[in-house]
Structure formats: structure tokens, C-alpha cells
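Content type compact mmCIF, N, CA and C atoms, from the file input-v5.txt:
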# COMPACT_ATOMS: atom_id res chain seq x y z
N MET A 251 1.07 8.29 17.30
CA MET A 251 0.62 9.20 16.26
C MET A 251 1.83 9.96 15.73
N LEU A 252 1.91 10.07 14.41
CA LEU A 252 3.01 10.79 13.78
C LEU A 252 2.83 12.30 13.94
N SER A 253 3.93 13.00 14.03
CA SER A 253 3.87 14.46 14.13
C SER A 253 3.57 15.07 12.77
N ASP A 254 3.17 16.34 12.79
CA ASP A 254 2.91 17.07 11.55
C ASP A 254 4.16 17.12 10.67
N GLU A 255 5.33 17.25 11.29
CA GLU A 255 6.58 17.33 10.54
C GLU A 255 6.87 16.02 9.80
N GLN A 256 6.61 14.89 10.46
CA GLN A 256 6.84 13.60 9.82
C GLN A 256 5.86 13.38 8.66
N LEU A 257 4.59 13.74 8.87
CA LEU A 257 3.60 13.61 7.80
C LEU A 257 3.95 14.51 6.63
N ASN A 258 4.41 15.73 6.92
CA ASN A 258 4.79 16.65 5.85
C ASN A 258 5.99 16.12 5.07
N ALA A 259 6.93 15.48 5.75
CA ALA A 259 8.09 14.90 5.07
C ALA A 259 7.63 13.79 4.11
N TYR A 260 6.69 12.95 4.54
CA TYR A 260 6.15 11.91 3.65
C TYR A 260 5.42 12.54 2.47
N ARG A 261 4.65 13.60 2.71
CA ARG A 261 3.90 14.25 1.64
C ARG A 261 4.82 14.87 0.61
N VAL A 262 5.83 15.61 1.07
CA VAL A 262 6.76 16.30 0.17
C VAL A 262 7.58 15.31 -0.64
N SER A 263 8.05 14.24 -0.01
CA SER A 263 8.89 13.26 -0.71
C SER A 263 8.07 12.36 -1.63
N GLY A 264 6.78 12.22 -1.36
CA GLY A 264 5.95 11.32 -2.16
C GLY A 264 6.19 9.86 -1.85
N GLU A 265 6.83 9.59 -0.72
CA GLU A 265 7.14 8.21 -0.33
C GLU A 265 5.86 7.46 0.03
N LYS A 266 5.75 6.22 -0.44
CA LYS A 266 4.61 5.40 -0.10
C LYS A 266 4.69 5.00 1.37
N VAL A 267 3.53 5.04 2.03
CA VAL A 267 3.45 4.64 3.43
C VAL A 267 2.49 3.47 3.57
N ARG A 268 2.60 2.80 4.71
CA ARG A 268 1.71 1.70 5.07
C ARG A 268 1.01 2.10 6.35
N VAL A 269 -0.32 2.00 6.36
CA VAL A 269 -1.11 2.26 7.56
C VAL A 269 -1.56 0.90 8.09
N VAL A 270 -1.05 0.55 9.27
CA VAL A 270 -1.36 -0.75 9.88
C VAL A 270 -2.55 -0.53 10.81
N ARG A 271 -3.68 -1.14 10.45
CA ARG A 271 -4.90 -0.92 11.22
C ARG A 271 -5.19 -2.03 12.22
N ASP A 272 -4.74 -3.25 11.94
CA ASP A 272 -4.96 -4.38 12.84
C ASP A 272 -3.91 -5.45 12.57
N GLY A 273 -4.13 -6.64 13.06
CA GLY A 273 -3.15 -7.71 12.93
C GLY A 273 -3.08 -8.35 11.56
N LEU A 274 -4.04 -8.06 10.66
CA LEU A 274 -4.06 -8.70 9.35
C LEU A 274 -3.39 -7.82 8.30
N LYS A 275 -2.42 -8.39 7.63
CA LYS A 275 -1.68 -7.65 6.59
C LYS A 275 -2.60 -7.23 5.45
N GLU A 276 -3.62 -8.02 5.17
CA GLU A 276 -4.56 -7.73 4.09
C GLU A 276 -5.34 -6.43 4.33
N ASN A 277 -5.45 -6.01 5.58
CA ASN A 277 -6.22 -4.81 5.91
C ASN A 277 -5.37 -3.54 5.92
N ASP A 278 -4.08 -3.66 5.62
CA ASP A 278 -3.22 -2.47 5.58
C ASP A 278 -3.62 -1.58 4.40
N ILE A 279 -3.46 -0.29 4.58
CA ILE A 279 -3.67 0.68 3.52
C ILE A 279 -2.30 1.18 3.10
N ARG A 280 -2.01 1.10 1.80
CA ARG A 280 -0.73 1.58 1.28
C ARG A 280 -1.01 2.69 0.29
N GLY A 281 -0.22 3.76 0.38
CA GLY A 281 -0.40 4.87 -0.54
C GLY A 281 0.45 6.06 -0.15
N ILE A 282 0.06 7.21 -0.65
CA ILE A 282 0.82 8.45 -0.46
C ILE A 282 0.03 9.40 0.43
N VAL A 283 0.70 10.03 1.38
CA VAL A 283 0.05 11.01 2.25
C VAL A 283 -0.34 12.23 1.43
N VAL A 284 -1.60 12.62 1.52
CA VAL A 284 -2.11 13.77 0.77
C VAL A 284 -2.34 14.96 1.69
N ALA A 285 -3.02 14.74 2.82
CA ALA A 285 -3.35 15.82 3.74
C ALA A 285 -3.65 15.23 5.11
N TRP A 286 -3.77 16.08 6.12
CA TRP A 286 -4.08 15.63 7.47
C TRP A 286 -4.60 16.81 8.28
N ASP A 287 -5.26 16.48 9.38
CA ASP A 287 -5.65 17.48 10.38
C ASP A 287 -5.33 16.88 11.74
N ASP A 288 -5.94 17.39 12.80
CA ASP A 288 -5.61 16.92 14.14
C ASP A 288 -5.98 15.46 14.39
N THR A 289 -7.02 14.96 13.70
CA THR A 289 -7.51 13.62 14.00
C THR A 289 -7.44 12.64 12.83
N HIS A 290 -7.31 13.13 11.59
CA HIS A 290 -7.36 12.26 10.42
C HIS A 290 -6.19 12.50 9.48
N VAL A 291 -5.94 11.50 8.64
CA VAL A 291 -4.95 11.61 7.58
C VAL A 291 -5.58 11.08 6.29
N LEU A 292 -5.30 11.73 5.16
CA LEU A 292 -5.81 11.28 3.87
C LEU A 292 -4.68 10.59 3.12
N ILE A 293 -4.95 9.36 2.66
CA ILE A 293 -3.97 8.56 1.93
C ILE A 293 -4.53 8.31 0.53
N ARG A 294 -3.74 8.62 -0.51
CA ARG A 294 -4.14 8.30 -1.88
C ARG A 294 -3.58 6.93 -2.24
N ARG A 295 -4.48 6.01 -2.51
CA ARG A 295 -4.09 4.64 -2.86
C ARG A 295 -3.65 4.58 -4.32
N PRO A 296 -2.98 3.48 -4.73
CA PRO A 296 -2.52 3.36 -6.12
C PRO A 296 -3.65 3.44 -7.15
N ASN A 297 -4.88 3.05 -6.77
CA ASN A 297 -5.99 3.13 -7.71
C ASN A 297 -6.64 4.52 -7.71
N ARG A 298 -5.97 5.49 -7.10
CA ARG A 298 -6.36 6.90 -7.03
C ARG A 298 -7.53 7.19 -6.10
N ASN A 299 -8.03 6.19 -5.40
CA ASN A 299 -9.02 6.45 -4.37
C ASN A 299 -8.34 7.08 -3.17
N VAL A 300 -9.03 7.97 -2.49
CA VAL A 300 -8.50 8.61 -1.30
C VAL A 300 -9.23 8.04 -0.09
N VAL A 301 -8.45 7.66 0.94
CA VAL A 301 -9.00 7.05 2.14
C VAL A 301 -8.73 7.97 3.32
N LYS A 302 -9.76 8.24 4.11
CA LYS A 302 -9.62 9.06 5.31
C LYS A 302 -9.50 8.13 6.51
N LEU A 303 -8.36 8.21 7.20
CA LEU A 303 -8.06 7.31 8.32
C LEU A 303 -7.74 8.09 9.57
N ASP A 304 -7.92 7.45 10.71
CA ASP A 304 -7.58 8.06 11.99
C ASP A 304 -6.05 8.16 12.11
N ARG A 305 -5.57 9.25 12.66
CA ARG A 305 -4.12 9.43 12.80
C ARG A 305 -3.51 8.54 13.87
N ASN A 306 -4.34 7.90 14.69
CA ASN A 306 -3.80 7.05 15.75
C ASN A 306 -3.34 5.68 15.23
N TYR A 307 -3.66 5.34 13.98
CA TYR A 307 -3.15 4.11 13.40
C TYR A 307 -1.65 4.23 13.20
N ALA A 308 -0.97 3.07 13.19
CA ALA A 308 0.48 3.06 12.97
C ALA A 308 0.76 3.34 11.49
N ILE A 309 1.57 4.37 11.23
CA ILE A 309 1.95 4.74 9.87
C ILE A 309 3.46 4.58 9.75
N GLN A 310 3.89 3.86 8.72
CA GLN A 310 5.31 3.60 8.53
C GLN A 310 5.61 3.59 7.03
N PRO A 311 6.88 3.76 6.65
CA PRO A 311 7.22 3.66 5.23
C PRO A 311 6.86 2.28 4.70
N SER A 312 6.35 2.23 3.49
CA SER A 312 5.88 0.99 2.90
C SER A 312 7.02 0.00 2.66
N LYS A 313 8.22 0.50 2.42
CA LYS A 313 9.35 -0.39 2.13
C LYS A 313 9.89 -1.09 3.37
N GLU A 314 9.57 -0.59 4.56
CA GLU A 314 10.02 -1.24 5.79
C GLU A 314 9.18 -2.47 6.09
N GLU A 315 9.76 -3.39 6.86
CA GLU A 315 9.01 -4.57 7.26
C GLU A 315 7.83 -4.16 8.14
N ARG A 316 6.72 -4.81 7.94
CA ARG A 316 5.48 -4.47 8.66
C ARG A 316 5.66 -4.68 10.15
N ILE A 317 5.20 -3.71 10.95
CA ILE A 317 5.26 -3.87 12.40
C ILE A 317 4.16 -4.82 12.84
N ASP A 318 4.40 -5.53 13.93
CA ASP A 318 3.43 -6.49 14.44
C ASP A 318 2.68 -5.87 15.61
N LEU A 319 1.41 -5.53 15.39
CA LEU A 319 0.62 -4.91 16.45
C LEU A 319 0.24 -5.89 17.54
N LEU A 320 0.28 -7.18 17.24
CA LEU A 320 -0.13 -8.18 18.22
C LEU A 320 0.99 -8.58 19.17
N ALA A 321 2.22 -8.16 18.86
CA ALA A 321 3.33 -8.47 19.76
C ALA A 321 3.14 -7.67 21.05
N GLU A 322 3.54 -8.26 22.14
CA GLU A 322 3.38 -7.58 23.42
C GLU A 322 4.26 -6.34 23.47
N ASP A 323 3.70 -5.28 23.99
CA ASP A 323 4.42 -4.02 24.13
C ASP A 323 5.30 -4.10 25.37
N PRO A 324 6.63 -4.01 25.22
CA PRO A 324 7.52 -4.15 26.38
C PRO A 324 7.31 -3.04 27.41
N LYS A 325 6.79 -1.88 27.01
CA LYS A 325 6.57 -0.79 27.96
C LYS A 325 5.44 -1.12 28.92
N GLN A 326 4.49 -1.97 28.51
CA GLN A 326 3.35 -2.25 29.35
C GLN A 326 3.58 -3.46 30.25
N GLU A 327 4.65 -4.21 30.02
CA GLU A 327 4.94 -5.35 30.89
C GLU A 327 5.38 -4.82 32.25
N GLY A 328 4.86 -5.38 33.28
CA GLY A 328 5.26 -4.99 34.63
C GLY A 328 4.64 -3.70 35.11
N SER A 329 3.76 -3.09 34.32
CA SER A 329 3.15 -1.84 34.77
C SER A 329 1.78 -2.09 35.39
N GLY A 330 1.41 -3.36 35.57
CA GLY A 330 0.11 -3.70 36.15
C GLY A 330 0.11 -3.49 37.65
N ASP A 331 -1.08 -3.49 38.22
CA ASP A 331 -1.22 -3.36 39.69
C ASP A 331 -0.75 -4.63 40.36
N GLN A 332 -0.01 -4.47 41.43
CA GLN A 332 0.53 -5.64 42.12
C GLN A 332 0.10 -5.63 43.54
Please express the file's structure as C-alpha cells.
Amino acid sequence: MLSDEQLNAYRVSGEKVRVVRDGLKENDIRGIVVAWDDTHVLIRRPNRNVVKLDRNYAIQPSKEERIDLLAEDPKQEGSGDQ
């Protein structure tokens, strides 16, 4: 989850962000951060619709290459019960 400072930096700069919700690129939400609270973030899409999303989704700058949520997390490897 992004911090309030990071979300505020996106809001002030007007930089487009990408919200990655699952493994399909077609389901990403791209737009500008408008507002947020403890659990949700509001993104204004290019068609001017506003989408309310959970803050636990991965949020990254739109110009960066999309992160792969399906790739194995290296932090969780080897942390299983043995």
C-alpha cells in the first residue's frame, strides 16, 4: 500500500498512475489520483469517470513497465513450514 505522501505527490504532480488489480493487463485502471482515505483511493480515468479502488492494489506510475503480480514473490520463498 502506498503512503499518504506518495499518493499526495501523484495528486500534486498530476502524473498518470496504473492500478494493477490482477494478472490481466486489460483490467488495469489508468488515471490520475484525485483523493484517498485509509482504505480507498479515487482515480479519475481519461473519460472523466471516477473509480473508487482499494488502496491495497498495486499502484505505480503509468509510464513504467507493468509489474507482474503472478511472478513468485522472492520474500515468500523458503518461509514455509519445514
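What separates CA of Arg261 (chain A) from atom N of Gly281 (chain A) is a distance of 11.3 Å.
Across region 276-327 of chain A, DSSP run on the backbone finds strand (DSSP E or B) at Ile279, Arg280, Gly281, Ile282, Val283, Val284, Ala285, Trp286, His290, Val291, Leu292, Ile293, Arg294, Val300, Val301, Lys302, Leu303, Asp304, Ala308, Ile309, Gln310 and Pro311 of chain A.
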- Message: When you look at Asn258 (chain A) with a cut-off of 8 Å (counting only N, CA and C atoms), what residues show up, excluding the ones that are within fewer than 6 positions of it in the same chain? I need them as number ranges by chain.
- Response: A: 252, 264, 283
- Task: Kindly indicate which residue among A:Lys313, A:Asp254, A:Leu319, A:Val284 lies nearest to Arg271 (chain A), using only C-alpha atoms for the distances.
- Result: A:Leu319
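Among the candidates A:Val269, A:Glu276, A:Glu255, A:Arg305, the residue lying nearest to Thr289 (chain A) is A:Arg305 (atoms considered: only C-alpha atoms).
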- From a DSSP pass on the backbone, collect the residues of chain A flagged as helix (DSSP H, G or I) and hand them back as number ranges by chain. A: 254-263, 275-277
- So, counting all atoms listed in the file, which residue among A:Gln310, A:Glu315, A:Ala321, A:Gln256 is closest to Arg268 (chain A)? A:Gln310
- Message: List the spatial neighbours of Met251 (chain A) as a ChimeraX atom specification - criterion: any atom at most 7 Å away, only N, CA and C atoms, same-chain residues fewer than 3 positions off excluded.
- Response: /A:305-308
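Shortest separation to Asp288 (chain A) among A:Leu257, A:Leu274, A:Val262, A:Leu320 occurs at residue A:Leu257, atoms counted being only C-alpha atoms.
The coordinates place atom C of Ala285 (chain A) at 9.8 Å from atom C of Tyr260 (chain A).
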